[in-house]
file structure13.cif (mmCIF, N, CA and C atoms)
data_final
#
loop_
_atom_site.label_atom_id
_atom_site.label_comp_id
_atom_site.auth_asym_id
_atom_site.auth_seq_id
_atom_site.Cartn_x
_atom_site.Cartn_y
_atom_site.Cartn_z
N ARG E 11 122.48 -167.86 -80.47
CA ARG E 11 123.42 -168.90 -80.07
C ARG E 11 122.75 -169.82 -79.05
N GLY E 12 122.91 -171.11 -79.24
CA GLY E 12 122.30 -172.09 -78.35
C GLY E 12 123.11 -172.27 -77.08
N PRO E 13 122.62 -173.08 -76.19
CA PRO E 13 123.34 -173.34 -74.95
C PRO E 13 124.66 -174.08 -75.24
N ASP E 14 125.62 -173.90 -74.33
CA ASP E 14 126.92 -174.56 -74.51
C ASP E 14 126.81 -176.07 -74.34
N LYS E 15 125.91 -176.50 -73.48
CA LYS E 15 125.71 -177.94 -73.32
C LYS E 15 124.23 -178.23 -73.44
N PRO E 16 123.89 -179.44 -73.87
CA PRO E 16 122.49 -179.78 -74.09
C PRO E 16 121.65 -179.61 -72.81
N GLN E 17 120.45 -179.10 -73.00
CA GLN E 17 119.50 -178.97 -71.90
C GLN E 17 118.42 -180.02 -72.12
N ILE E 18 118.15 -180.81 -71.09
CA ILE E 18 117.11 -181.83 -71.19
C ILE E 18 115.90 -181.32 -70.44
N THR E 19 114.77 -181.21 -71.14
CA THR E 19 113.56 -180.71 -70.50
C THR E 19 112.94 -181.79 -69.62
N GLU E 20 112.06 -181.37 -68.72
CA GLU E 20 111.36 -182.35 -67.88
C GLU E 20 110.51 -183.28 -68.73
N GLU E 21 109.88 -182.75 -69.80
CA GLU E 21 109.07 -183.60 -70.68
C GLU E 21 109.95 -184.65 -71.36
N GLN E 22 111.12 -184.24 -71.84
CA GLN E 22 112.03 -185.20 -72.47
C GLN E 22 112.46 -186.28 -71.48
N ARG E 23 112.81 -185.87 -70.27
CA ARG E 23 113.24 -186.83 -69.25
C ARG E 23 112.11 -187.79 -68.90
N ALA E 24 110.88 -187.25 -68.76
CA ALA E 24 109.72 -188.07 -68.39
C ALA E 24 109.37 -189.09 -69.47
N ASN E 25 109.71 -188.79 -70.73
CA ASN E 25 109.38 -189.68 -71.84
C ASN E 25 110.60 -190.43 -72.36
N SER E 26 111.56 -190.63 -71.47
CA SER E 26 112.79 -191.36 -71.81
C SER E 26 112.96 -192.55 -70.89
N VAL E 27 113.82 -193.45 -71.30
CA VAL E 27 114.24 -194.58 -70.48
C VAL E 27 115.71 -194.36 -70.17
N GLU E 28 116.05 -194.34 -68.89
CA GLU E 28 117.46 -194.18 -68.52
C GLU E 28 118.12 -195.55 -68.45
N PHE E 29 119.23 -195.68 -69.17
CA PHE E 29 119.96 -196.95 -69.18
C PHE E 29 121.42 -196.70 -69.46
N ASN E 30 122.27 -197.23 -68.60
CA ASN E 30 123.72 -197.26 -68.83
C ASN E 30 124.30 -195.89 -69.19
N GLY E 31 123.89 -194.85 -68.45
CA GLY E 31 124.46 -193.52 -68.64
C GLY E 31 123.84 -192.68 -69.73
N HIS E 32 122.74 -193.16 -70.34
CA HIS E 32 122.06 -192.42 -71.40
C HIS E 32 120.56 -192.40 -71.15
N TYR E 33 119.91 -191.38 -71.69
CA TYR E 33 118.46 -191.36 -71.81
C TYR E 33 118.13 -191.80 -73.23
N TYR E 34 117.18 -192.71 -73.37
CA TYR E 34 116.71 -193.18 -74.67
C TYR E 34 115.26 -192.76 -74.84
N ALA E 35 114.91 -192.26 -76.02
CA ALA E 35 113.55 -191.80 -76.30
C ALA E 35 113.31 -191.89 -77.80
N THR E 36 112.05 -191.77 -78.19
CA THR E 36 111.78 -191.63 -79.62
C THR E 36 111.92 -190.15 -79.96
N ILE E 37 112.18 -189.87 -81.21
CA ILE E 37 112.45 -188.49 -81.62
C ILE E 37 111.26 -187.57 -81.36
N ASP E 38 110.05 -188.13 -81.25
CA ASP E 38 108.87 -187.32 -80.95
C ASP E 38 108.47 -187.40 -79.47
N PHE E 39 109.29 -188.09 -78.67
CA PHE E 39 109.10 -188.22 -77.22
C PHE E 39 107.74 -188.82 -76.85
N THR E 40 107.36 -189.86 -77.60
CA THR E 40 106.19 -190.65 -77.22
C THR E 40 106.53 -191.39 -75.93
N PRO E 41 105.61 -191.43 -74.95
CA PRO E 41 105.92 -192.13 -73.70
C PRO E 41 106.36 -193.58 -73.93
N PRO E 42 107.39 -194.03 -73.22
CA PRO E 42 107.93 -195.37 -73.43
C PRO E 42 106.93 -196.50 -73.19
N ASN E 43 105.91 -196.26 -72.35
CA ASN E 43 104.95 -197.31 -72.04
C ASN E 43 103.56 -196.99 -72.58
N GLN E 44 103.49 -196.19 -73.64
CA GLN E 44 102.20 -195.80 -74.20
C GLN E 44 101.46 -197.02 -74.73
N GLY E 45 100.20 -197.17 -74.33
CA GLY E 45 99.37 -198.27 -74.80
C GLY E 45 98.52 -197.84 -75.98
N GLY E 46 97.44 -198.57 -76.22
CA GLY E 46 96.53 -198.23 -77.31
C GLY E 46 97.06 -198.70 -78.65
N GLU E 47 96.42 -198.19 -79.69
CA GLU E 47 96.80 -198.55 -81.05
C GLU E 47 98.21 -198.06 -81.37
N SER E 48 98.91 -198.84 -82.17
CA SER E 48 100.24 -198.42 -82.62
C SER E 48 100.12 -197.29 -83.62
N SER E 49 101.08 -196.39 -83.56
CA SER E 49 101.20 -195.35 -84.57
C SER E 49 102.69 -195.17 -84.83
N GLY E 50 103.01 -194.31 -85.76
CA GLY E 50 104.41 -194.14 -86.10
C GLY E 50 104.73 -192.72 -86.49
N GLN E 51 106.00 -192.49 -86.74
CA GLN E 51 106.48 -191.18 -87.15
C GLN E 51 106.21 -191.03 -88.64
N LYS E 52 105.35 -190.09 -89.00
CA LYS E 52 104.97 -189.90 -90.40
C LYS E 52 105.50 -188.58 -90.98
N THR E 53 106.11 -187.73 -90.13
CA THR E 53 106.57 -186.42 -90.59
C THR E 53 108.05 -186.24 -90.25
N ARG E 54 108.63 -185.18 -90.80
CA ARG E 54 110.01 -184.81 -90.47
C ARG E 54 110.01 -184.15 -89.10
N ILE E 55 110.98 -184.53 -88.27
CA ILE E 55 111.08 -183.98 -86.92
C ILE E 55 112.52 -183.53 -86.68
N GLN E 56 112.66 -182.36 -86.07
CA GLN E 56 113.97 -181.81 -85.73
C GLN E 56 114.63 -182.62 -84.62
N MET E 57 115.88 -183.02 -84.83
CA MET E 57 116.64 -183.70 -83.77
C MET E 57 116.92 -182.69 -82.67
N PRO E 58 116.53 -182.99 -81.42
CA PRO E 58 116.81 -182.04 -80.34
C PRO E 58 118.32 -181.87 -80.15
N TYR E 59 118.72 -180.67 -79.77
CA TYR E 59 120.13 -180.33 -79.58
C TYR E 59 120.78 -181.30 -78.59
N GLY E 60 121.91 -181.88 -78.99
CA GLY E 60 122.68 -182.77 -78.13
C GLY E 60 122.29 -184.24 -78.22
N TRP E 61 121.15 -184.55 -78.83
CA TRP E 61 120.70 -185.93 -78.98
C TRP E 61 121.27 -186.49 -80.28
N GLU E 62 121.26 -187.83 -80.39
CA GLU E 62 121.73 -188.50 -81.60
C GLU E 62 120.91 -189.76 -81.82
N VAL E 63 120.91 -190.25 -83.06
CA VAL E 63 120.24 -191.53 -83.34
C VAL E 63 120.95 -192.59 -82.51
N ALA E 64 120.17 -193.41 -81.82
CA ALA E 64 120.74 -194.41 -80.90
C ALA E 64 121.34 -195.59 -81.64
N ASP E 65 122.46 -196.05 -81.13
CA ASP E 65 123.05 -197.30 -81.56
C ASP E 65 122.37 -198.38 -80.71
N ILE E 66 121.58 -199.24 -81.34
CA ILE E 66 120.84 -200.26 -80.60
C ILE E 66 121.73 -201.49 -80.45
N THR E 67 122.52 -201.49 -79.39
CA THR E 67 123.39 -202.63 -79.07
C THR E 67 122.52 -203.74 -78.47
N ASP E 68 123.11 -204.90 -78.23
CA ASP E 68 122.35 -205.99 -77.61
C ASP E 68 121.80 -205.57 -76.25
N ASP E 69 122.61 -204.86 -75.46
CA ASP E 69 122.17 -204.42 -74.13
C ASP E 69 121.00 -203.44 -74.23
N VAL E 70 121.09 -202.50 -75.17
CA VAL E 70 120.01 -201.52 -75.36
C VAL E 70 118.76 -202.23 -75.85
N ARG E 71 118.93 -203.15 -76.76
CA ARG E 71 117.79 -203.93 -77.26
C ARG E 71 117.07 -204.62 -76.11
N ASP E 72 117.84 -205.27 -75.23
CA ASP E 72 117.25 -206.06 -74.15
C ASP E 72 116.64 -205.19 -73.05
N ALA E 73 117.27 -204.08 -72.70
CA ALA E 73 116.82 -203.27 -71.56
C ALA E 73 115.87 -202.15 -71.95
N VAL E 74 115.94 -201.68 -73.17
CA VAL E 74 115.14 -200.52 -73.58
C VAL E 74 114.06 -200.91 -74.60
N VAL E 75 114.47 -201.49 -75.72
CA VAL E 75 113.55 -201.75 -76.83
C VAL E 75 112.56 -202.87 -76.50
N ARG E 76 113.05 -203.98 -76.04
CA ARG E 76 112.21 -205.16 -75.79
C ARG E 76 111.17 -204.91 -74.69
N LEU E 77 111.49 -204.07 -73.72
CA LEU E 77 110.63 -203.89 -72.55
C LEU E 77 109.67 -202.71 -72.65
N HIS E 78 109.75 -201.91 -73.71
CA HIS E 78 108.92 -200.71 -73.83
C HIS E 78 108.22 -200.68 -75.19
N THR E 79 107.07 -199.99 -75.24
CA THR E 79 106.30 -199.94 -76.48
C THR E 79 106.59 -198.71 -77.32
N PHE E 80 106.85 -197.57 -76.69
CA PHE E 80 107.01 -196.30 -77.38
C PHE E 80 105.83 -196.03 -78.32
N GLY E 81 104.68 -196.69 -78.04
CA GLY E 81 103.47 -196.47 -78.83
C GLY E 81 103.55 -196.95 -80.26
N THR E 82 104.49 -197.85 -80.55
CA THR E 82 104.71 -198.27 -81.94
C THR E 82 105.21 -199.71 -81.98
N ASP E 83 105.24 -200.27 -83.18
CA ASP E 83 105.68 -201.66 -83.35
C ASP E 83 107.18 -201.81 -83.46
N PHE E 84 107.86 -200.79 -84.02
CA PHE E 84 109.30 -200.85 -84.24
C PHE E 84 109.96 -199.55 -83.83
N VAL E 85 111.21 -199.64 -83.38
CA VAL E 85 112.05 -198.45 -83.28
C VAL E 85 113.23 -198.66 -84.21
N VAL E 86 113.67 -197.56 -84.81
CA VAL E 86 114.75 -197.58 -85.78
C VAL E 86 115.93 -196.84 -85.19
N GLY E 87 117.09 -197.50 -85.20
CA GLY E 87 118.30 -196.90 -84.65
C GLY E 87 119.33 -196.63 -85.73
N GLU E 88 120.57 -196.40 -85.28
CA GLU E 88 121.70 -196.15 -86.16
C GLU E 88 121.76 -197.25 -87.22
N ALA E 89 122.16 -196.86 -88.43
CA ALA E 89 122.27 -197.76 -89.58
C ALA E 89 120.92 -198.29 -90.02
N GLY E 90 119.82 -197.70 -89.54
CA GLY E 90 118.48 -198.08 -89.99
C GLY E 90 117.98 -199.40 -89.45
N LYS E 91 118.62 -199.93 -88.42
CA LYS E 91 118.19 -201.22 -87.87
C LYS E 91 116.87 -201.04 -87.13
N ALA E 92 115.83 -201.75 -87.61
CA ALA E 92 114.49 -201.66 -87.03
C ALA E 92 114.22 -202.89 -86.16
N PHE E 93 113.99 -202.63 -84.88
CA PHE E 93 113.72 -203.71 -83.92
C PHE E 93 112.28 -203.64 -83.43
N HIS E 94 111.70 -204.82 -83.17
CA HIS E 94 110.36 -204.90 -82.58
C HIS E 94 110.41 -204.36 -81.16
N THR E 95 109.44 -203.51 -80.82
CA THR E 95 109.29 -203.04 -79.44
C THR E 95 108.47 -204.08 -78.67
N ALA E 96 108.13 -203.78 -77.42
CA ALA E 96 107.27 -204.67 -76.63
C ALA E 96 105.90 -204.82 -77.29
N LYS E 97 105.54 -203.90 -78.16
CA LYS E 97 104.27 -203.93 -78.88
C LYS E 97 104.36 -204.77 -80.16
N GLY E 98 105.56 -205.03 -80.62
CA GLY E 98 105.76 -205.78 -81.87
C GLY E 98 105.46 -207.26 -81.70
N GLN E 99 105.45 -207.98 -82.81
CA GLN E 99 105.15 -209.42 -82.79
C GLN E 99 106.26 -210.24 -82.13
N ARG E 100 107.49 -209.77 -82.24
CA ARG E 100 108.65 -210.49 -81.66
C ARG E 100 109.52 -209.49 -80.92
N PRO E 101 109.12 -209.10 -79.69
CA PRO E 101 109.86 -208.05 -78.97
C PRO E 101 111.37 -208.28 -78.93
N GLY E 102 112.11 -207.25 -79.35
CA GLY E 102 113.57 -207.29 -79.33
C GLY E 102 114.19 -207.83 -80.60
N ALA E 103 113.39 -208.42 -81.48
CA ALA E 103 113.96 -209.03 -82.70
C ALA E 103 114.24 -207.96 -83.75
N LEU E 104 115.35 -208.16 -84.48
CA LEU E 104 115.66 -207.31 -85.62
C LEU E 104 114.74 -207.71 -86.76
N GLU E 105 114.00 -206.73 -87.30
CA GLU E 105 113.06 -207.02 -88.39
C GLU E 105 113.67 -206.74 -89.75
N MET E 106 114.32 -205.59 -89.90
CA MET E 106 114.78 -205.16 -91.22
C MET E 106 115.68 -203.94 -91.08
N ILE E 107 116.20 -203.52 -92.20
CA ILE E 107 116.87 -202.23 -92.28
C ILE E 107 115.83 -201.26 -92.85
N TRP E 108 115.56 -200.19 -92.09
CA TRP E 108 114.54 -199.20 -92.48
C TRP E 108 115.26 -197.86 -92.58
N ASP E 109 115.45 -197.42 -93.80
CA ASP E 109 116.19 -196.18 -94.02
C ASP E 109 115.45 -194.97 -93.48
N TYR E 110 116.24 -194.06 -92.96
CA TYR E 110 115.68 -192.77 -92.55
C TYR E 110 116.44 -191.67 -93.30
N LYS E 111 115.76 -190.55 -93.46
CA LYS E 111 116.37 -189.41 -94.14
C LYS E 111 116.74 -188.36 -93.11
N LYS E 112 117.90 -187.74 -93.34
CA LYS E 112 118.35 -186.63 -92.49
C LYS E 112 118.59 -185.46 -93.43
N ASP E 113 117.93 -184.36 -93.14
CA ASP E 113 118.08 -183.18 -93.98
C ASP E 113 118.08 -181.95 -93.08
N MET E 114 119.24 -181.32 -92.92
CA MET E 114 119.37 -180.11 -92.10
C MET E 114 118.82 -180.31 -90.68
N GLY E 115 119.18 -181.44 -90.09
CA GLY E 115 118.77 -181.70 -88.72
C GLY E 115 117.37 -182.25 -88.57
N MET E 116 116.65 -182.41 -89.69
CA MET E 116 115.30 -182.96 -89.68
C MET E 116 115.39 -184.44 -90.08
N TYR E 117 114.68 -185.29 -89.35
CA TYR E 117 114.73 -186.72 -89.59
C TYR E 117 113.34 -187.25 -89.89
N ASN E 118 113.26 -188.16 -90.87
CA ASN E 118 112.02 -188.89 -91.09
C ASN E 118 112.31 -190.25 -91.68
N LEU E 119 111.36 -191.15 -91.49
CA LEU E 119 111.48 -192.52 -91.99
C LEU E 119 110.92 -192.60 -93.40
N HIS E 120 111.58 -193.38 -94.26
CA HIS E 120 111.02 -193.65 -95.59
C HIS E 120 109.71 -194.40 -95.39
N GLN E 121 108.69 -194.02 -96.11
CA GLN E 121 107.37 -194.66 -96.00
C GLN E 121 106.93 -195.22 -97.35
N ASP E 122 107.88 -195.71 -98.12
CA ASP E 122 107.59 -196.18 -99.47
C ASP E 122 107.08 -197.62 -99.45
N GLY E 123 106.27 -197.96 -100.44
CA GLY E 123 105.82 -199.34 -100.64
C GLY E 123 105.20 -199.96 -99.41
N SER E 124 105.70 -201.15 -99.06
CA SER E 124 105.11 -201.89 -97.93
C SER E 124 105.36 -201.20 -96.59
N LEU E 125 106.34 -200.29 -96.53
CA LEU E 125 106.61 -199.59 -95.26
C LEU E 125 105.49 -198.64 -94.88
N ALA E 126 104.68 -198.22 -95.86
CA ALA E 126 103.60 -197.27 -95.58
C ALA E 126 102.60 -197.84 -94.58
N ALA E 127 102.47 -199.16 -94.52
CA ALA E 127 101.50 -199.79 -93.62
C ALA E 127 102.12 -200.14 -92.27
N LYS E 128 103.42 -199.89 -92.08
CA LYS E 128 104.10 -200.24 -90.83
C LYS E 128 104.27 -199.01 -89.95
N ASN E 129 104.38 -199.25 -88.64
CA ASN E 129 104.53 -198.17 -87.66
C ASN E 129 105.89 -198.25 -86.99
N ALA E 130 106.62 -197.15 -87.03
CA ALA E 130 107.94 -197.10 -86.40
C ALA E 130 108.25 -195.67 -85.98
N ARG E 131 109.21 -195.55 -85.07
CA ARG E 131 109.72 -194.25 -84.66
C ARG E 131 111.25 -194.37 -84.55
N ILE E 132 111.94 -193.26 -84.77
CA ILE E 132 113.40 -193.24 -84.62
C ILE E 132 113.74 -193.15 -83.14
N LEU E 133 114.67 -194.02 -82.69
CA LEU E 133 115.13 -194.02 -81.30
C LEU E 133 116.38 -193.14 -81.21
N ILE E 134 116.38 -192.24 -80.24
CA ILE E 134 117.50 -191.32 -80.04
C ILE E 134 118.03 -191.45 -78.62
N ARG E 135 119.20 -190.87 -78.38
CA ARG E 135 119.77 -190.92 -77.04
C ARG E 135 120.61 -189.68 -76.76
N ILE E 136 120.83 -189.46 -75.48
CA ILE E 136 121.71 -188.40 -75.01
C ILE E 136 122.33 -188.87 -73.70
N ALA E 137 123.56 -188.47 -73.45
CA ALA E 137 124.22 -188.82 -72.18
C ALA E 137 123.50 -188.15 -71.02
N VAL E 138 123.35 -188.89 -69.93
CA VAL E 138 122.79 -188.30 -68.71
C VAL E 138 123.78 -187.25 -68.23
N PRO E 139 123.30 -186.01 -68.00
CA PRO E 139 124.23 -184.95 -67.59
C PRO E 139 124.89 -185.25 -66.25
N LYS E 140 126.17 -184.90 -66.17
CA LYS E 140 126.90 -185.04 -64.89
C LYS E 140 126.47 -183.89 -64.00
N VAL E 141 126.20 -184.19 -62.76
CA VAL E 141 125.73 -183.13 -61.84
C VAL E 141 126.90 -182.50 -61.13
#
call {"tool": "encode", "arguments": {"input": "structure13.cif", "output": "structure tokens"}}
result
Amino acid sequence: RGPDKPQITEEQRANSVEFNGHYYATIDFTPPNQGGESSGQKTRIQMPYGWEVADITDDVRDAVVRLHTFGTDFVVGEAGKAFHTAKGQRPGALEMIWDYKKDMGMYNLHQDGSLAAKNARILIRIAVPKV
């Protein structure tokens, strides 16, 4: 049996952006300001307990997505909306709908056709725990 409430590890917290009562991170917890070459999520990854795919609202887009790289060109949120990160060509801009698959708590991005050459990660969030 798992914990009654989600536990956020120090690594998860360190690789998240806190905004408006939530921690935002990529599902693989790539550091928000990672430099270097872009890469993306190429495998299925287990959604951490208590986290969910982020709804990228205008505020989240402006404060989280546009200002951070997450080591990739795009982050994908709820409904498959893929936005350019600070590393993308048009930071904060909606690029496309990029479908992701969910299977028994495992998430991965479709990498078919032209998407195989693009780099993206799924953006997730969790409420900041009340102390």
call {"tool": "atom_distance", "arguments": {"input": "structure13.cif", "atom1": "atom CA of Thr79 of chain E", "atom2": "atom C of Ala103 of chain E"}}
result
13.4 Å
call {"tool": "closest_residue", "arguments": {"input": "structure13.cif", "among": "E:Gly90, E:Gln22, E:Lys15, E:Leu125", "to": "Ala35 of chain E", "atoms": "only N, CA and C atoms"}}
result
E:Gln22
call {"tool": "residues_around", "arguments": {"input": "structure13.cif", "residues": "Ile18 of chain E", "least_positions_apart": "6", "cutoff": "8 Å", "atoms": "only N, CA and C atoms", "output": "list in words"}}
result
Ala24, Tyr59 and Pro139 of chain E
call {"tool": "write_last_selection", "arguments": {"input": "structure13.cif", "atoms": "N, CA and C atoms", "output": "PDB file, keeping the file's coordinate frame"}}
result
ATOM      1  N   ALA E  24     110.880-187.250 -68.760  1.00  0.00           N
ATOM      2  CA  ALA E  24     109.720-188.070 -68.390  1.00  0.00           C
ATOM      3  C   ALA E  24     109.370-189.090 -69.470  1.00  0.00           C
ATOM      4  N   TYR E  59     118.720-180.670 -79.770  1.00  0.00           N
ATOM      5  CA  TYR E  59     120.130-180.330 -79.580  1.00  0.00           C
ATOM      6  C   TYR E  59     120.780-181.300 -78.590  1.00  0.00           C
ATOM      7  N   PRO E 139     123.300-186.010 -68.000  1.00  0.00           N
ATOM      8  CA  PRO E 139     124.230-184.950 -67.590  1.00  0.00           C
ATOM      9  C   PRO E 139     124.890-185.250 -66.250  1.00  0.00           C
TER      10      PRO E 139
END
call {"tool": "resolve_selection", "arguments": {"input": "structure13.cif", "expression": "the PyMOL selection byres ((chain E and resi 107-115) around 7)", "output": "ChimeraX atom specification"}}
result
/E:55-57,86,89-92,105-106,116-120
call {"tool": "resolve_selection", "arguments": {"input": "structure13.cif", "expression": "the PyMOL selection byres (((chain E and resi 23 and name CA) around 12) and name CA)", "output": "PyMOL selection string"}}
result
chain E and resi 17-22+24-28+32-36+39-42+135-139
call {"tool": "write_last_selection", "arguments": {"input": "structure13.cif", "atoms": "N, CA and C atoms", "output": "compact mmCIF listing (two decimals), keeping the file's coordinate frame"}}
result
# COMPACT_ATOMS: atom_id res chain seq x y z
N GLN E 17 120.45 -179.10 -73.00
CA GLN E 17 119.50 -178.97 -71.90
C GLN E 17 118.42 -180.02 -72.12
N ILE E 18 118.15 -180.81 -71.09
CA ILE E 18 117.11 -181.83 -71.19
C ILE E 18 115.90 -181.32 -70.44
N THR E 19 114.77 -181.21 -71.14
CA THR E 19 113.56 -180.71 -70.50
C THR E 19 112.94 -181.79 -69.62
N GLU E 20 112.06 -181.37 -68.72
CA GLU E 20 111.36 -182.35 -67.88
C GLU E 20 110.51 -183.28 -68.73
N GLU E 21 109.88 -182.75 -69.80
CA GLU E 21 109.07 -183.60 -70.68
C GLU E 21 109.95 -184.65 -71.36
N GLN E 22 111.12 -184.24 -71.84
CA GLN E 22 112.03 -185.20 -72.47
C GLN E 22 112.46 -186.28 -71.48
N ALA E 24 110.88 -187.25 -68.76
CA ALA E 24 109.72 -188.07 -68.39
C ALA E 24 109.37 -189.09 -69.47
N ASN E 25 109.71 -188.79 -70.73
CA ASN E 25 109.38 -189.68 -71.84
C ASN E 25 110.60 -190.43 -72.36
N SER E 26 111.56 -190.63 -71.47
CA SER E 26 112.79 -191.36 -71.81
C SER E 26 112.96 -192.55 -70.89
N VAL E 27 113.82 -193.45 -71.30
CA VAL E 27 114.24 -194.58 -70.48
C VAL E 27 115.71 -194.36 -70.17
N GLU E 28 116.05 -194.34 -68.89
CA GLU E 28 117.46 -194.18 -68.52
C GLU E 28 118.12 -195.55 -68.45
N HIS E 32 122.74 -193.16 -70.34
CA HIS E 32 122.06 -192.42 -71.40
C HIS E 32 120.56 -192.40 -71.15
N TYR E 33 119.91 -191.38 -71.69
CA TYR E 33 118.46 -191.36 -71.81
C TYR E 33 118.13 -191.80 -73.23
N TYR E 34 117.18 -192.71 -73.37
CA TYR E 34 116.71 -193.18 -74.67
C TYR E 34 115.26 -192.76 -74.84
N ALA E 35 114.91 -192.26 -76.02
CA ALA E 35 113.55 -191.80 -76.30
C ALA E 35 113.31 -191.89 -77.80
N THR E 36 112.05 -191.77 -78.19
CA THR E 36 111.78 -191.63 -79.62
C THR E 36 111.92 -190.15 -79.96
N PHE E 39 109.29 -188.09 -78.67
CA PHE E 39 109.10 -188.22 -77.22
C PHE E 39 107.74 -188.82 -76.85
N THR E 40 107.36 -189.86 -77.60
CA THR E 40 106.19 -190.65 -77.22
C THR E 40 106.53 -191.39 -75.93
N PRO E 41 105.61 -191.43 -74.95
CA PRO E 41 105.92 -192.13 -73.70
C PRO E 41 106.36 -193.58 -73.93
N PRO E 42 107.39 -194.03 -73.22
CA PRO E 42 107.93 -195.37 -73.43
C PRO E 42 106.93 -196.50 -73.19
N ARG E 135 119.20 -190.87 -78.38
CA ARG E 135 119.77 -190.92 -77.04
C ARG E 135 120.61 -189.68 -76.76
N ILE E 136 120.83 -189.46 -75.48
CA ILE E 136 121.71 -188.40 -75.01
C ILE E 136 122.33 -188.87 -73.70
N ALA E 137 123.56 -188.47 -73.45
CA ALA E 137 124.22 -188.82 -72.18
C ALA E 137 123.50 -188.15 -71.02
N VAL E 138 123.35 -188.89 -69.93
CA VAL E 138 122.79 -188.30 -68.71
C VAL E 138 123.78 -187.25 -68.23
N PRO E 139 123.30 -186.01 -68.00
CA PRO E 139 124.23 -184.95 -67.59
C PRO E 139 124.89 -185.25 -66.25
call {"tool": "select_by_dssp", "arguments": {"input": "structure13.cif", "residues": "segment 57-109 of chain E", "states": "strand (DSSP E or B)", "output": "list of chain:residue names"}}
result
E:Glu62, E:Val63, E:Phe84, E:Val85, E:Val86, E:Lys91, E:Ala92, E:Phe93, E:His94, E:Leu104, E:Glu105, E:Met106, E:Ile107
call {"tool": "write_last_selection", "arguments": {"input": "structure13.cif", "atoms": "N, CA and C atoms", "output": "PDB file, in the coordinates of the input"}}
result
ATOM      1  N   GLU E  62     121.260-187.830 -80.390  1.00  0.00           N
ATOM      2  CA  GLU E  62     121.730-188.500 -81.600  1.00  0.00           C
ATOM      3  C   GLU E  62     120.910-189.760 -81.820  1.00  0.00           C
ATOM      4  N   VAL E  63     120.910-190.250 -83.060  1.00  0.00           N
ATOM      5  CA  VAL E  63     120.240-191.530 -83.340  1.00  0.00           C
ATOM      6  C   VAL E  63     120.950-192.590 -82.510  1.00  0.00           C
ATOM      7  N   PHE E  84     107.860-200.790 -84.020  1.00  0.00           N
ATOM      8  CA  PHE E  84     109.300-200.850 -84.240  1.00  0.00           C
ATOM      9  C   PHE E  84     109.960-199.550 -83.830  1.00  0.00           C
ATOM     10  N   VAL E  85     111.210-199.640 -83.380  1.00  0.00           N
ATOM     11  CA  VAL E  85     112.050-198.450 -83.280  1.00  0.00           C
ATOM     12  C   VAL E  85     113.230-198.660 -84.210  1.00  0.00           C
ATOM     13  N   VAL E  86     113.670-197.560 -84.810  1.00  0.00           N
ATOM     14  CA  VAL E  86     114.750-197.580 -85.780  1.00  0.00           C
ATOM     15  C   VAL E  86     115.930-196.840 -85.190  1.00  0.00           C
ATOM     16  N   LYS E  91     118.620-199.930 -88.420  1.00  0.00           N
ATOM     17  CA  LYS E  91     118.190-201.220 -87.870  1.00  0.00           C
ATOM     18  C   LYS E  91     116.870-201.040 -87.130  1.00  0.00           C
ATOM     19  N   ALA E  92     115.830-201.750 -87.610  1.00  0.00           N
ATOM     20  CA  ALA E  92     114.490-201.660 -87.030  1.00  0.00           C
ATOM     21  C   ALA E  92     114.220-202.890 -86.160  1.00  0.00           C
ATOM     22  N   PHE E  93     113.990-202.630 -84.880  1.00  0.00           N
ATOM     23  CA  PHE E  93     113.720-203.710 -83.920  1.00  0.00           C
ATOM     24  C   PHE E  93     112.280-203.640 -83.430  1.00  0.00           C
ATOM     25  N   HIS E  94     111.700-204.820 -83.170  1.00  0.00           N
ATOM     26  CA  HIS E  94     110.360-204.900 -82.580  1.00  0.00           C
ATOM     27  C   HIS E  94     110.410-204.360 -81.160  1.00  0.00           C
ATOM     28  N   LEU E 104     115.350-208.160 -84.480  1.00  0.00           N
ATOM     29  CA  LEU E 104     115.660-207.310 -85.620  1.00  0.00           C
ATOM     30  C   LEU E 104     114.740-207.710 -86.760  1.00  0.00           C
ATOM     31  N   GLU E 105     114.000-206.730 -87.300  1.00  0.00           N
ATOM     32  CA  GLU E 105     113.060-207.020 -88.390  1.00  0.00           C
ATOM     33  C   GLU E 105     113.670-206.740 -89.750  1.00  0.00           C
ATOM     34  N   MET E 106     114.320-205.590 -89.900  1.00  0.00           N
ATOM     35  CA  MET E 106     114.780-205.160 -91.220  1.00  0.00           C
ATOM     36  C   MET E 106     115.680-203.940 -91.080  1.00  0.00           C
ATOM     37  N   ILE E 107     116.200-203.520 -92.200  1.00  0.00           N
ATOM     38  CA  ILE E 107     116.870-202.230 -92.280  1.00  0.00           C
ATOM     39  C   ILE E 107     115.830-201.260 -92.850  1.00  0.00           C
TER      40      ILE E 107
END
call {"tool": "residues_around", "arguments": {"input": "structure13.cif", "residues": "segment 61-78 of chain E", "least_positions_apart": "3", "cutoff": "6 Å", "atoms": "only C-alpha atoms", "output": "ChimeraX atom specification"}}
result
/E:42-43,58,87-88,95-96,101-102,133-136
call {"tool": "atom_distance", "arguments": {"input": "structure13.cif", "atom1": "atom CA of Gly98 of chain E", "atom2": "atom N of Gly31 of chain E"}}
result
25.1 Å
call {"tool": "closest_residue", "arguments": {"input": "structure13.cif", "among": "E:His94, E:Ala130, E:Gly81, E:Gln99", "to": "Gln44 of chain E", "atoms": "only C-alpha atoms"}}
result
E:Gly81
call {"tool": "select_by_dssp", "arguments": {"input": "structure13.cif", "residues": "chain E", "states": "alpha helix (DSSP H)", "output": "number ranges by chain"}}
result
E: 20-24, 68-70
call {"tool": "axis_aligned_box", "arguments": {"input": "structure13.cif", "around": "segment 41-58 of chain E", "padding_each_side": "3 Å", "output": "JSON"}}
result
{"center_x": 107.4, "center_y": -190.3, "center_z": -81.5, "size_x": 27.9, "size_y": 23.0, "size_z": 24.9}
call {"tool": "atom_distance", "arguments": {"input": "structure13.cif", "atom1": "atom N of Arg131 of chain E", "atom2": "atom N of Ile37 of chain E"}}
result
7.5 Å
call {"tool": "closest_residue", "arguments": {"input": "structure13.cif", "among": "E:Val141, E:Ile132, E:Ser48, E:Asp38", "to": "Phe93 of chain E", "atoms": "only C-alpha atoms"}}
result
E:Ile132
